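Source file: work_3.cif (mmCIF, C-alpha atoms)
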```cif
data_target
loop_
_atom_site.label_atom_id
_atom_site.label_comp_id
_atom_site.auth_asym_id
_atom_site.auth_seq_id
_atom_site.Cartn_x
_atom_site.Cartn_y
_atom_site.Cartn_z
CA MET L 1 -158.60 186.63 -78.31
CA SER L 2 -159.89 190.01 -77.11
CA THR L 3 -163.27 190.46 -75.44
CA THR L 4 -165.66 192.78 -77.29
CA TYR L 5 -168.42 195.04 -76.01
CA ARG L 6 -171.13 197.21 -77.45
CA PHE L 7 -171.71 200.59 -75.80
CA ALA L 8 -174.96 199.27 -74.31
CA ASP L 9 -173.08 196.33 -72.75
CA LEU L 10 -170.73 198.68 -70.92
CA VAL L 11 -173.60 200.87 -69.72
CA GLU L 12 -175.31 197.75 -68.36
CA GLN L 13 -172.13 197.02 -66.40
CA GLY L 14 -172.33 200.43 -64.74
CA HIS L 15 -170.07 202.50 -66.98
CA ASP L 16 -171.07 205.91 -68.27
CA GLU L 17 -169.87 207.73 -71.37
CA TYR L 18 -167.16 209.59 -69.44
CA SER L 19 -165.66 206.43 -67.90
CA ILE L 20 -165.70 204.67 -71.27
CA ARG L 21 -163.83 207.56 -72.89
CA THR L 22 -161.35 207.55 -70.01
CA GLN L 23 -160.65 203.83 -70.50
CA VAL L 24 -160.17 204.35 -74.23
CA ARG L 25 -157.73 207.22 -73.63
CA SER L 26 -155.77 205.14 -71.11
CA GLY L 27 -155.57 202.20 -73.52
CA GLU L 28 -157.53 199.86 -71.27
CA LEU L 29 -160.27 199.71 -73.92
CA SER L 30 -159.84 199.98 -77.68
CA SER L 31 -162.48 201.61 -79.85
CA VAL L 32 -162.90 199.46 -82.96
CA ARG L 33 -165.94 201.24 -84.43
CA HIS L 34 -168.67 203.65 -83.35
CA GLY L 35 -170.22 202.06 -80.28
CA GLY L 36 -167.91 199.02 -80.40
CA TYR L 37 -165.01 198.32 -78.04
CA ALA L 38 -162.46 195.60 -77.31
CA LEU L 39 -160.55 194.64 -74.19
CA ASP L 40 -156.96 193.35 -74.44
CA LEU L 41 -156.75 194.07 -78.17
CA ASP L 42 -153.30 193.60 -79.71
CA PRO L 43 -152.55 197.03 -81.23
CA ASP L 44 -150.10 195.51 -83.71
CA SER L 45 -152.52 192.96 -85.17
CA PRO L 46 -154.90 194.08 -87.93
CA GLU L 47 -156.29 190.54 -87.84
CA ALA L 48 -157.22 190.83 -84.15
CA ARG L 49 -158.75 194.24 -84.77
CA HIS L 50 -160.83 192.88 -87.66
CA ARG L 51 -162.09 190.02 -85.51
CA ALA L 52 -163.18 192.57 -82.92
CA LEU L 53 -164.81 194.63 -85.67
CA ILE L 54 -166.72 191.55 -86.80
CA ARG L 55 -167.94 190.79 -83.29
CA THR L 56 -169.15 194.34 -82.67
CA THR L 57 -170.77 194.67 -86.10
CA VAL L 58 -172.65 191.37 -86.41
CA PRO L 59 -175.35 192.34 -83.85
CA LEU L 60 -176.24 195.32 -86.06
CA LEU L 61 -176.68 193.34 -89.30
CA ASN L 62 -179.90 192.11 -90.86
CA ASP L 63 -180.80 188.49 -90.12
CA ASP L 64 -180.05 187.37 -93.69
CA ALA L 65 -176.52 188.81 -93.72
CA VAL L 66 -173.74 186.23 -94.07
CA LEU L 67 -170.12 187.09 -93.35
CA SER L 68 -168.15 186.71 -96.57
CA HIS L 69 -165.05 187.59 -98.56
CA CYS L 70 -162.06 188.63 -96.42
CA SER L 71 -164.04 188.60 -93.15
CA ALA L 72 -165.03 184.97 -93.69
CA ALA L 73 -161.50 184.19 -94.91
CA LEU L 74 -160.04 185.42 -91.63
CA LEU L 75 -162.43 183.20 -89.67
CA TRP L 76 -161.54 180.20 -91.85
CA GLY L 77 -157.85 180.82 -91.19
CA LEU L 78 -156.96 181.77 -94.77
CA PRO L 79 -154.19 184.31 -95.42
CA VAL L 80 -155.83 187.69 -95.98
CA PRO L 81 -154.06 190.81 -97.29
CA ARG L 82 -154.13 193.30 -94.44
CA ARG L 83 -155.26 196.12 -96.70
CA LEU L 84 -158.64 194.35 -96.99
CA LEU L 85 -159.31 194.26 -93.25
CA THR L 86 -160.77 197.74 -92.81
CA LYS L 87 -164.44 196.77 -93.30
CA VAL L 88 -166.64 193.80 -92.43
CA HIS L 89 -167.75 192.07 -95.65
CA VAL L 90 -171.20 190.50 -95.77
CA THR L 91 -173.29 188.95 -98.55
CA HIS L 92 -177.08 188.98 -98.93
CA ASP L 93 -178.85 186.46 -101.15
CA ARG L 94 -180.80 189.05 -103.07
CA PRO L 95 -180.69 190.86 -106.42
CA GLY L 96 -179.26 194.31 -106.83
CA GLY L 97 -175.93 195.92 -106.14
CA GLY L 98 -174.14 196.14 -102.85
CA HIS L 99 -172.98 199.18 -100.95
CA VAL L 100 -170.02 200.37 -98.93
CA ARG L 101 -170.36 202.15 -95.61
CA THR L 102 -167.95 203.22 -92.91
CA TRP L 103 -167.60 199.81 -91.29
CA THR L 104 -169.24 197.40 -93.75
CA HIS L 105 -168.99 196.32 -97.38
CA THR L 106 -172.24 194.67 -98.43
CA HIS L 107 -172.43 192.37 -101.47
CA SER L 108 -175.63 191.11 -103.12
CA SER L 109 -175.46 187.82 -105.02
CA ALA L 110 -176.91 184.32 -105.16
CA LEU L 111 -176.00 182.43 -102.00
CA PRO L 112 -177.36 178.85 -101.86
CA SER L 113 -177.69 177.25 -98.44
CA LEU L 114 -174.91 174.79 -99.36
CA GLU L 115 -172.53 177.73 -99.51
CA ILE L 116 -173.29 178.85 -95.95
CA ALA L 117 -171.42 177.46 -92.94
CA GLU L 118 -171.04 178.26 -89.25
CA VAL L 119 -167.68 179.07 -87.70
CA GLU L 120 -167.20 180.37 -84.15
CA GLY L 121 -170.97 180.67 -83.87
CA LEU L 122 -171.17 183.00 -86.87
CA ARG L 123 -172.87 182.45 -90.25
CA ILE L 124 -170.22 182.69 -92.94
CA THR L 125 -169.77 181.61 -96.55
CA SER L 126 -168.38 178.11 -97.18
CA LEU L 127 -164.63 177.68 -97.41
CA ALA L 128 -164.57 177.30 -101.20
CA ARG L 129 -166.95 180.22 -101.79
CA THR L 130 -164.94 182.34 -99.35
CA ALA L 131 -161.64 181.55 -101.06
CA VAL L 132 -162.97 182.43 -104.51
CA ASP L 133 -164.76 185.59 -103.34
CA THR L 134 -161.65 186.82 -101.53
CA ALA L 135 -159.35 185.92 -104.41
CA ARG L 136 -161.54 188.11 -106.64
CA LEU L 137 -160.51 191.11 -104.52
CA CYS L 138 -156.81 190.31 -104.88
CA SER L 139 -153.84 190.34 -107.19
CA ASN L 140 -152.73 187.04 -108.71
CA GLN L 141 -149.96 186.62 -106.14
CA GLU L 142 -152.34 187.20 -103.22
CA ALA L 143 -155.00 184.97 -104.78
CA LEU L 144 -152.53 182.10 -105.13
CA GLN L 145 -151.75 182.21 -101.40
CA ILE L 146 -155.47 182.07 -100.58
CA VAL L 147 -156.36 179.27 -103.00
CA ASP L 148 -153.33 177.16 -102.04
CA ALA L 149 -154.40 177.36 -98.38
CA ALA L 150 -158.06 176.61 -99.14
CA TRP L 151 -157.20 173.57 -101.29
CA ARG L 152 -154.95 172.30 -98.50
CA MET L 153 -157.92 172.45 -96.11
CA LEU L 154 -160.39 170.96 -98.61
CA ASP L 155 -158.20 168.06 -99.83
CA THR L 156 -159.55 168.35 -103.40
CA PRO L 157 -160.10 171.33 -105.74
CA THR L 158 -163.61 170.25 -106.76
CA ASP L 159 -165.49 172.75 -104.59
CA LEU L 160 -163.12 175.55 -105.57
CA ALA L 161 -163.71 174.84 -109.26
CA ALA L 162 -167.47 174.81 -108.66
CA ALA L 163 -167.29 178.14 -106.82
CA CYS L 164 -165.33 179.65 -109.70
CA GLU L 165 -167.93 178.37 -112.14
CA MET L 166 -170.79 179.80 -110.09
CA ALA L 167 -169.06 183.19 -109.93
CA GLY L 168 -169.42 183.43 -113.71
CA ARG L 169 -168.06 186.74 -114.96
CA CYS L 170 -168.02 188.48 -111.60
CA HIS L 171 -165.45 191.23 -111.18
CA GLY L 172 -162.02 189.81 -110.33
CA ILE L 173 -162.81 186.24 -111.38
CA ARG L 174 -159.70 186.10 -113.58
CA ALA L 175 -157.45 186.27 -110.53
CA ALA L 176 -159.39 183.46 -108.84
CA ARG L 177 -159.25 181.28 -111.96
CA TRP L 178 -155.55 181.97 -112.49
CA ALA L 179 -154.85 181.01 -108.88
CA LEU L 180 -156.85 177.78 -109.17
CA ALA L 181 -155.02 176.84 -112.36
CA HIS L 182 -151.66 177.24 -110.60
CA ALA L 183 -152.62 176.14 -107.08
CA ASP L 184 -150.83 173.36 -105.23
CA PRO L 185 -151.96 172.23 -101.76
CA ARG L 186 -148.44 171.07 -100.96
CA SER L 187 -147.42 174.70 -100.42
CA GLU L 188 -147.47 174.83 -96.65
CA SER L 189 -147.39 178.58 -96.02
CA PRO L 190 -148.16 181.91 -97.68
CA GLY L 191 -144.42 182.41 -98.15
CA GLU L 192 -144.09 179.15 -100.06
CA SER L 193 -147.07 180.12 -102.23
CA LEU L 194 -145.58 183.54 -102.94
CA SER L 195 -142.27 181.86 -103.77
CA ARG L 196 -144.06 179.70 -106.34
CA TYR L 197 -145.75 182.78 -107.79
CA TRP L 198 -142.39 184.38 -108.55
CA MET L 199 -141.07 181.08 -109.89
CA ILE L 200 -144.03 180.93 -112.28
CA MET L 201 -143.53 184.56 -113.33
CA GLY L 202 -139.79 183.96 -113.80
CA LYS L 203 -140.37 180.76 -115.81
CA ILE L 204 -138.33 178.75 -113.31
CA PRO L 205 -138.57 174.97 -113.91
CA THR L 206 -141.44 173.54 -111.87
CA PRO L 207 -140.08 172.14 -108.59
CA THR L 208 -141.17 169.08 -106.67
CA LEU L 209 -142.72 170.20 -103.38
CA GLN L 210 -142.01 168.70 -99.95
CA LEU L 211 -139.55 166.13 -101.26
CA GLU L 212 -138.18 163.76 -98.61
CA ILE L 213 -134.44 163.11 -98.86
CA LEU L 214 -133.17 159.74 -97.64
CA ASP L 215 -129.61 158.48 -97.23
CA PRO L 216 -128.43 155.27 -98.98
CA GLY L 217 -129.64 153.28 -95.98
CA GLY L 218 -133.16 154.65 -96.34
CA ASN L 219 -132.87 156.93 -93.30
CA PHE L 220 -134.66 160.29 -93.33
CA VAL L 221 -132.34 163.27 -93.75
CA ALA L 222 -134.58 166.20 -94.67
CA ARG L 223 -137.84 167.33 -96.24
CA ALA L 224 -137.33 170.19 -98.67
CA ASP L 225 -139.87 172.89 -99.45
CA PHE L 226 -138.77 172.80 -103.09
CA ALA L 227 -136.60 170.40 -105.08
CA TRP L 228 -135.22 170.55 -108.60
CA GLU L 229 -134.04 166.99 -109.02
CA GLU L 230 -132.43 167.48 -112.43
CA TYR L 231 -130.33 170.32 -110.99
CA ARG L 232 -129.81 168.54 -107.64
CA VAL L 233 -130.95 171.73 -105.88
CA LEU L 234 -133.16 172.01 -102.81
CA GLY L 235 -134.94 175.28 -102.01
CA GLU L 236 -135.90 176.33 -98.48
CA PHE L 237 -138.00 179.35 -97.62
CA ASP L 238 -137.27 181.43 -94.51
CA GLY L 239 -134.96 179.23 -92.47
CA ARG L 240 -135.21 181.63 -89.52
CA ILE L 241 -138.78 180.50 -88.87
CA LYS L 242 -137.63 176.89 -88.92
CA TYR L 243 -134.92 177.69 -86.39
CA ALA L 244 -137.39 179.43 -84.09
CA SER L 245 -139.92 176.61 -84.27
CA SER L 246 -137.33 173.94 -83.56
CA LEU L 247 -135.61 175.52 -80.55
CA ASN L 248 -137.68 173.84 -77.82
CA GLY L 249 -135.54 175.49 -75.17
CA GLN L 250 -132.25 174.64 -76.90
CA PRO L 251 -129.60 177.32 -77.54
CA LEU L 252 -129.93 178.92 -80.97
CA ALA L 253 -126.26 178.23 -81.72
CA GLU L 254 -126.85 174.52 -81.19
CA VAL L 255 -129.83 174.51 -83.56
CA VAL L 256 -127.88 176.44 -86.20
CA MET L 257 -124.99 173.99 -85.87
CA ARG L 258 -127.34 171.04 -86.40
CA GLU L 259 -128.75 172.77 -89.47
CA LYS L 260 -125.26 173.21 -90.89
CA GLU L 261 -124.53 169.53 -90.24
CA ARG L 262 -127.79 168.65 -92.01
CA GLU L 263 -126.77 170.77 -94.99
CA ASN L 264 -123.36 169.07 -95.08
CA ARG L 265 -125.12 165.69 -95.17
CA LEU L 266 -127.25 166.90 -98.09
CA ARG L 267 -124.16 168.03 -99.97
CA ALA L 268 -122.55 164.67 -99.33
CA LEU L 269 -125.63 163.13 -100.95
CA GLY L 270 -125.21 165.37 -103.97
CA TRP L 271 -127.67 168.17 -103.15
CA TRP L 272 -127.04 171.92 -103.18
CA VAL L 273 -129.24 174.09 -100.92
CA TYR L 274 -130.63 177.53 -101.78
CA ARG L 275 -132.37 179.58 -99.06
CA TRP L 276 -134.43 182.75 -99.15
CA THR L 277 -136.54 184.92 -96.85
CA TRP L 278 -139.48 187.32 -96.96
CA ASP L 279 -137.03 190.12 -97.75
CA ASP L 280 -136.00 188.32 -100.93
CA LEU L 281 -139.64 187.87 -101.98
CA ARG L 282 -140.24 191.63 -101.70
CA HIS L 283 -138.05 191.86 -104.82
CA GLY L 284 -139.61 188.96 -106.67
CA GLN L 285 -138.07 189.44 -110.11
CA ARG L 286 -134.60 189.64 -108.58
CA PHE L 287 -135.35 186.54 -106.47
CA ALA L 288 -136.35 184.58 -109.58
CA ALA L 289 -133.25 185.73 -111.47
CA ASP L 290 -130.96 184.77 -108.57
CA LEU L 291 -132.65 181.38 -108.27
CA ARG L 292 -132.28 180.75 -112.01
CA ARG L 293 -128.58 181.58 -111.78
CA PHE L 294 -128.15 179.25 -108.80
CA LEU L 295 -129.83 176.40 -110.66
CA ASP L 296 -127.68 176.91 -113.73
CA GLU L 297 -124.49 177.03 -111.64
CA SER L 298 -125.27 174.00 -109.45
CA PRO L 299 -122.13 171.84 -109.22
CA PHE L 300 -124.29 168.71 -108.91
CA ARG L 301 -126.47 169.35 -111.97
CA ARG L 302 -127.14 166.24 -114.00
CA THR L 303 -125.97 166.55 -117.59
CA ARG L 304 -127.56 164.62 -120.39
#
```
Represent the structure of the file as structure tokens.
Amino acid sequence: MSTTYRFADLVEQGHDEYSIRTQVRSGELSSVRHGGYALDLDPDSPEARHRALIRTTVPLLNDDAVLSHCSAALLWGLPVPRRLLTKVHVTHDRPGGGHVRTWTHTHSSALPSLEIAEVEGLRITSLARTAVDTARLCSNQEALQIVDAAWRMLDTPTDLAAACEMAGRCHGIRAARWALAHADPRSESPGESLSRYWMIMGKIPTPTLQLEILDPGGNFVARADFAWEEYRVLGEFDGRIKYASSLNGQPLAEVVMREKERENRLRALGWWVYRWTWDDLRHGQRFAADLRRFLDESPFRRTR
């Protein structure tokens, strides 16, 4: 995590305006907003930049401001569309409309104390409120990724449903409600949630998630992201990530060979495996059509 400074902090440390500008030009310091700087900021991470923007903006906010929407979502660890990370979002518990400025987006709405939490020493909206508020800024496919992740952290959807109810007819609430209606906490990553979105849109039969496959002796063989038991098809999202996470210092070729052996065992048990990546999900309708074709052509499909 980068270290952040306000202009006054750097002056206190003996820097003047010229030396600060020099450090920014050299890349030693990054300017994240007017009068706000970060040390060791990852230039390729909008998430890291937004965290630095939060840290340099919070000292300038009114005491009743609570970090909310995508800013709170980032702090909770929810998946946030990068296009939303240009401004710090805050909510005030007061009537009237909000406003948008260069570095902040201020919302005004009812904010009970039960919907305020503290994360990393900062006052932010509760997880359920954050998920619903952020989903309201999103498309259905983005909202599903957020609500899946929030439900996974909350264990039950009760608080999410209550937050949707409290939002009433707020702008964007349809996306949040759609996501809650289709959410499943067993989706373990944004990619798995996005995969389910395109399955829903393509009217693909609903899969079983995280199905454990055992051999006839009851020994564990695999856990599949998606399973269509009638078709005897297992679906796995982004196998390259699984390879990378399972290397543990072992040669990639060895890991790939083990994966092929695992797939051969699954075929011997009567399962066919379909894999896809982020590139496939960028063309969601095509992905759903290809998956449908694979299901229909499965050599192990059970016939009635």
With distances taken over all atoms listed in the file, which of L:Ala135, L:Val32, L:Val66, L:Ala150 is nearest to Thr86 (chain L)?
L:Val32
Would you please work out which residue, of L:Ser298, L:Thr134, L:Ser26, L:Thr158, is nearest to His171 (chain L) when using only C-alpha atoms?
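Answer, going by the shortest atom-to-atom distance: L:Thr134.
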Could you please determine the separation between CA of Ala224 (chain L) and CA of Trp271 (chain L) in Å, to one decimal place?
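Going from CA of Ala224 (chain L) over to CA of Trp271 (chain L), I get 10.8 Å.
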At a cut-off of 7 Å, using all atoms listed in the file, what residues contact region 185-196 of chain L? Leave out same-chain residues fewer than 5 positions from it and give the result as a JSON list (two decimals) with C-alpha atoms, in the coordinates of the input.
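Once written, around.json looks like this:
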```json
[["chain", "number", "residue", "atom", "x", "y", "z"],
["L", 79, "PRO", "CA", -154.19, 184.31, -95.42],
["L", 141, "GLN", "CA", -149.96, 186.62, -106.14],
["L", 144, "LEU", "CA", -152.53, 182.10, -105.13],
["L", 145, "GLN", "CA", -151.75, 182.21, -101.40],
["L", 148, "ASP", "CA", -153.33, 177.16, -102.04],
["L", 149, "ALA", "CA", -154.40, 177.36, -98.38],
["L", 151, "TRP", "CA", -157.20, 173.57, -101.29],
["L", 152, "ARG", "CA", -154.95, 172.30, -98.50],
["L", 209, "LEU", "CA", -142.72, 170.20, -103.38],
["L", 210, "GLN", "CA", -142.01, 168.70, -99.95],
["L", 237, "PHE", "CA", -138.00, 179.35, -97.62],
["L", 281, "LEU", "CA", -139.64, 187.87, -101.98]]
```
Can you spell out as a ChimeraX atom specification the set of residues that the PyMOL selection byres ((chain L and resi 165) around 12) selects in the structure I just provided?
/L:128-129,132-133,158-164,166-170,173-174,176-177,180
Measuring atom to atom with all atoms listed in the file, identify which of L:Ala72, L:Glu115, L:Tyr37, L:His105 is nearest to Asp93 (chain L).
L:Glu115
Using the chain letters and residue numbers of this document, give as JSON, numbers by chain the residues selected by the PyMOL selection byres ((chain L and resi 103) around 7).
{"L": [87, 88, 101, 102, 104]}
From L:Met199, L:Met153, L:Val90, L:Leu269, residue lying nearest Gly217 (chain L) [only C-alpha atoms]
L:Leu269
Using all atoms listed in the file, which of L:Thr277, L:Gln285, L:Asn219, L:Ser68 sits nearest Arg265 (chain L)?
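Looking only at the distances to Arg265 (chain L), the closest residue turns out to be L:Asn219.
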